[in-house]
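> Have a look at the structure that comes next, please.
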Amino acid sequence: MDDFGLHQGINDAVFALVRQGRVQAVSAMVGGAAWPEGARGLFEVARTGSVEIGLHLDLTECPINPASRQPLGHLIARAYLHQLDPVALRAEVASQLDAFEAALGCAPAYVDGHQHVHQLPQVRNVLLQELAGRYPSRGLWLRATHAPQGAAHLDARTRFKSHVIAWLGARALSALAQHQGLRQNARLLGVYNFRGDAAQYRARLDAWLHAARHGDLLMCHAGLLSPGEHDLLAAARQAELEVLGAEAFKDALHAARVRLAPMGQILAGLPAQ
């Protein structure tokens with residue numbers, strides 16, 4: 001579940017789905033307005049060991065240093081032109097890892113990126129260098145964004161967006177991760193344009209589940225309305241929560257012969273609990 005800490009409505013949705021056993025991973029935005037309050041509850045979740053907590057590296061929404069914030073398109077362009085300030089970038093990555101460790105008392109189980117920034121040129125190099133220095137045992141894993149095949153019944157725009165995200169750095173990040181001995185999920189499911197109601201999201205979810213293979217990761221962004229927050233994904237978040245929290249979700253998993261488990265457990269070859 002992405003975007004924990006961005007606002008209270010997302011935090012509340014995450015905790016609700018965790019209690020239902022529907023979420024196996026929570027990606028934390030440590031610069032978010034709701035992170036300090038939410039981190040206390042997330043600390044208790046982490047202690048159970050049933051849900052992995054990761055860092056949702058953020059350079060576009062609410063990084064620790066406001067000067068690090070850039071619109072996504074601008075960030076992509078500057079990253080590909082190698083125009084990002086490496087000193088400032090390293091400081092921001094370090095600050096977010098520091099904030100995560102300070103709140104939860106441990107290293108992240110994994111790292112991914114808000115809007116997939118962790119895979120961009122320069123960002124991926126700085127990130128992996130920082131991870132190597134902090135966590136030499138290489139116990140964590142990185143989110144891969146490789147696009148799924150076999151989901152032909154998803155609409156063309158959804159399939160296209162999935163491939164564009166992968167094109168922006170999946171292969172290069174995987175090469176670096178492999179060289180450094182870091183594990184990754186197989187493919188990324190759950191990419192779409194954040195449009196449509198609960199029925200449309202349910203149809204997409206069925207498609208992703210039937211296309212799923214061992215080691216794939218299903219990304220989701222569920223949330224509730226949070227007073228005073230201007231969230232462009234508010235409607236999509238509520239639709240996702242309605243579907244993921246419904247009893248019918250268990251039926252969908254059964255129909256697709258899919259079993260959910262923490263990715264670290266899957267990558268380690270451990271049996272599902």
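Following the order of the structure tokens, chains are lettered A, B, ..., residues in each are numbered from 1, and ligands are numbered from 1.
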Please give the complete set of residues from region 43-255 of chain A that DSSP, run on the backbone, assigns to strand (DSSP E), formatted as a ChimeraX atom specification.
/A:52-57,110-113,141-142,183-184,188-189,217-218
> So that I can see what lies close to region 65-79 of chain A, please list as a tab-separated table (two decimals) with N, CA and C atoms, in the first residue's frame the residues with an atom at most 7 Å from it, counting only C-alpha atoms and leaving out residues fewer than 5 positions away in the same chain.

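Result file follows (result.tsv):
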```
chain	number	residue	atom	x	y	z
A	59	LEU	N	10.41	12.61	-4.02
A	59	LEU	CA	11.09	13.82	-4.48
A	59	LEU	C	10.12	14.79	-5.15
A	60	THR	N	8.85	14.44	-5.21
A	60	THR	CA	7.89	15.23	-5.98
A	60	THR	C	6.72	15.78	-5.16
A	84	LEU	N	20.70	16.77	-11.94
A	84	LEU	CA	20.35	16.82	-10.53
A	84	LEU	C	21.61	17.04	-9.70
A	92	GLU	N	19.02	14.31	0.66
A	92	GLU	CA	17.58	14.05	0.77
A	92	GLU	C	17.31	12.56	0.99
A	120	LEU	N	14.93	6.34	-11.50
A	120	LEU	CA	15.44	7.31	-12.46
A	120	LEU	C	16.96	7.38	-12.44
A	121	PRO	N	17.57	7.80	-13.57
A	121	PRO	CA	19.02	8.03	-13.57
A	121	PRO	C	19.40	8.98	-12.44
A	122	GLN	N	20.60	8.87	-11.97
A	122	GLN	CA	21.15	9.59	-10.82
A	122	GLN	C	20.47	9.16	-9.52
```
> Work out how far apart CA of Val126 (chain A) and CA of Leu176 (chain A) are and give it in Å to one decimal.
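Result for CA of Val126 (chain A) versus CA of Leu176 (chain A): 11.2 Å, one decimal.
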> Excluding region 245-249 of chain A and residues on its chain fewer than 6 positions from it, collect all residues at most 12 Å away from it, counting only C-alpha atoms, and give them as a PyMOL selection string.
chain A and resi 13-23+198-199+201-203+205-206+209+222-223+237-239+255-256+258-260
> Please identify which residues in region 56-248 of chain A DSSP calls helix (DSSP H, G or I) from the backbone, and express them as an MDAnalysis selection string.
chainID A and resid 66:68 72:80 86:104 114:119 123:134 156:167 170:180 198:211 234:244 248
> Go ahead and save the residues from that selection, with C-alpha atoms, as a compact mmCIF listing (two decimals), in the first residue's frame.

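New file again27.txt:
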```
# COMPACT_ATOMS: atom_id res chain seq x y z
CA PRO A 66 11.22 21.45 0.50
CA ALA A 67 13.94 22.57 -1.92
CA SER A 68 14.20 18.96 -3.12
CA LEU A 72 7.58 14.82 -11.89
CA GLY A 73 8.12 15.83 -15.50
CA HIS A 74 10.83 18.29 -14.52
CA LEU A 75 12.52 15.68 -12.33
CA ILE A 76 12.49 13.07 -15.10
CA ALA A 77 13.98 15.51 -17.60
CA ARG A 78 16.71 16.68 -15.23
CA ALA A 79 17.54 13.10 -14.21
CA TYR A 80 17.97 11.99 -17.81
CA PRO A 86 24.19 14.87 -6.42
CA VAL A 87 25.05 16.39 -3.04
CA ALA A 88 21.50 17.62 -2.44
CA LEU A 89 20.06 14.37 -3.74
CA ARG A 90 22.23 12.29 -1.44
CA ALA A 91 21.29 14.48 1.50
CA GLU A 92 17.58 14.05 0.77
CA VAL A 93 17.83 10.26 0.42
CA ALA A 94 19.81 10.09 3.67
CA SER A 95 17.33 12.34 5.47
CA GLN A 96 14.38 10.17 4.48
CA LEU A 97 16.14 7.01 5.60
CA ASP A 98 17.11 8.76 8.85
CA ALA A 99 13.48 9.75 9.47
CA PHE A 100 12.29 6.21 8.81
CA GLU A 101 14.84 4.68 11.17
CA ALA A 102 14.18 7.27 13.89
CA ALA A 103 10.43 6.59 13.85
CA LEU A 104 10.44 2.81 13.55
CA HIS A 114 6.62 7.82 -5.00
CA GLN A 115 5.76 8.09 -8.69
CA HIS A 116 8.56 5.52 -9.20
CA VAL A 117 11.35 8.10 -8.82
CA HIS A 118 13.68 5.54 -7.27
CA GLN A 119 14.45 4.08 -10.70
CA VAL A 123 18.45 8.81 -8.23
CA ARG A 124 18.93 5.05 -8.51
CA ASN A 125 22.71 5.35 -8.25
CA VAL A 126 22.62 7.60 -5.20
CA LEU A 127 19.94 5.44 -3.57
CA LEU A 128 21.83 2.18 -4.03
CA GLN A 129 25.08 3.72 -2.83
CA GLU A 130 23.32 4.93 0.32
CA LEU A 131 21.69 1.55 0.90
CA ALA A 132 25.01 -0.24 0.48
CA GLY A 133 26.65 2.00 3.07
CA ARG A 134 23.85 1.69 5.61
CA ALA A 156 -4.85 -0.03 -24.00
CA ARG A 157 -4.10 3.15 -22.03
CA THR A 158 -3.58 1.13 -18.86
CA ARG A 159 -1.20 -1.24 -20.60
CA PHE A 160 0.64 1.67 -22.22
CA LYS A 161 1.17 3.48 -18.89
CA SER A 162 2.56 0.31 -17.34
CA HIS A 163 5.12 -0.01 -20.12
CA VAL A 164 6.08 3.69 -19.97
CA ILE A 165 6.79 3.43 -16.24
CA ALA A 166 8.97 0.38 -16.84
CA TRP A 167 10.76 2.10 -19.71
CA ALA A 170 13.19 -0.73 -14.64
CA ARG A 171 15.92 -2.50 -16.58
CA ALA A 172 18.73 -0.21 -15.40
CA LEU A 173 17.62 -0.43 -11.76
CA SER A 174 17.44 -4.22 -11.95
CA ALA A 175 20.98 -4.39 -13.35
CA LEU A 176 22.28 -2.26 -10.47
CA ALA A 177 20.29 -4.23 -7.90
CA GLN A 178 21.59 -7.54 -9.21
CA HIS A 179 25.17 -6.27 -9.12
CA GLN A 180 24.67 -5.16 -5.52
CA ALA A 198 -15.33 0.86 -7.77
CA ALA A 199 -16.84 -1.45 -10.40
CA GLN A 200 -14.18 -0.46 -12.92
CA TYR A 201 -11.41 -0.90 -10.37
CA ARG A 202 -12.83 -4.33 -9.49
CA ALA A 203 -12.63 -5.32 -13.16
CA ARG A 204 -9.03 -4.13 -13.38
CA LEU A 205 -8.17 -5.99 -10.20
CA ASP A 206 -9.58 -9.21 -11.60
CA ALA A 207 -7.42 -8.73 -14.69
CA TRP A 208 -4.29 -8.16 -12.64
CA LEU A 209 -4.96 -11.16 -10.42
CA HIS A 210 -5.49 -13.47 -13.39
CA ALA A 211 -2.28 -12.17 -15.00
CA ALA A 234 -9.29 10.98 -3.62
CA ALA A 235 -12.02 9.31 -5.70
CA ALA A 236 -9.69 6.54 -6.88
CA ARG A 237 -8.45 5.94 -3.35
CA GLN A 238 -11.99 5.49 -2.05
CA ALA A 239 -12.87 3.14 -4.91
CA GLU A 240 -9.79 1.02 -4.19
CA LEU A 241 -10.61 0.87 -0.49
CA GLU A 242 -14.17 -0.22 -1.22
CA VAL A 243 -12.96 -3.07 -3.42
CA LEU A 244 -9.96 -4.21 -1.38
CA ALA A 248 -15.65 -10.28 -2.49
```
> May I have the residues within 8 Å of Val111 (chain A) as number ranges by chain, using only C-alpha atoms and disregarding those fewer than 5 positions away in the same chain?
A: 27, 54-57, 140-143
> I need the chosen residues saved as a tab-separated table (two decimals), in the first residue's frame, with N, CA and C atoms.

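File written: again.tsv
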```tsv
chain	number	residue	atom	x	y	z
A	27	SER	N	4.15	1.35	2.28
A	27	SER	CA	5.22	2.23	1.82
A	27	SER	C	5.02	3.62	2.42
A	54	GLY	N	8.16	-0.24	4.28
A	54	GLY	CA	9.23	0.24	3.42
A	54	GLY	C	9.23	1.75	3.29
A	55	LEU	N	10.31	2.28	2.75
A	55	LEU	CA	10.41	3.71	2.48
A	55	LEU	C	9.90	4.00	1.08
A	56	HIS	N	8.95	4.94	1.00
A	56	HIS	CA	8.41	5.40	-0.27
A	56	HIS	C	9.16	6.69	-0.63
A	57	LEU	N	10.33	6.53	-1.24
A	57	LEU	CA	11.21	7.67	-1.52
A	57	LEU	C	10.46	8.73	-2.33
A	140	LEU	N	17.34	-6.05	2.51
A	140	LEU	CA	16.11	-5.47	1.99
A	140	LEU	C	15.94	-5.76	0.51
A	141	TRP	N	14.78	-5.40	-0.02
A	141	TRP	CA	14.52	-5.57	-1.45
A	141	TRP	C	14.06	-4.26	-2.05
A	142	LEU	N	14.13	-4.16	-3.38
A	142	LEU	CA	13.76	-2.96	-4.11
A	142	LEU	C	12.56	-3.25	-5.02
A	143	ARG	N	11.68	-2.28	-5.15
A	143	ARG	CA	10.56	-2.47	-6.06
A	143	ARG	C	11.03	-2.37	-7.51
```
> Hey, what's within 10 Å of Asp216 (chain A) if we count only C-alpha atoms and toss same-chain stuff fewer than 3 positions away? As a list in words, please?
Ala144, Thr145, His146, Pro148, Gln184, Asn185, Ala186, Arg187, Leu188, Leu189, Trp208, Leu209, Ala211, Ala212, Arg213, Met219, Leu260, Met263 and Ile266 of chain A
> How many Å separate CA of Gly215 (chain A) from CA of Glu52 (chain A)?
15.0 Å
> Give me the residues within 12 Å of Arg40 (chain A) as a VMD selection string, counting only C-alpha atoms and dropping any in the same chain fewer than 2 places off.
chain A and resid 5 11 15 34 to 38 42 to 47 100 102 to 105
> To one decimal place, how far is CA of Phe194 (chain A) from CA of Cys62 (chain A) in Å?
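Value for the CA of Phe194 (chain A)-CA of Cys62 (chain A) distance: 20.3 Å.
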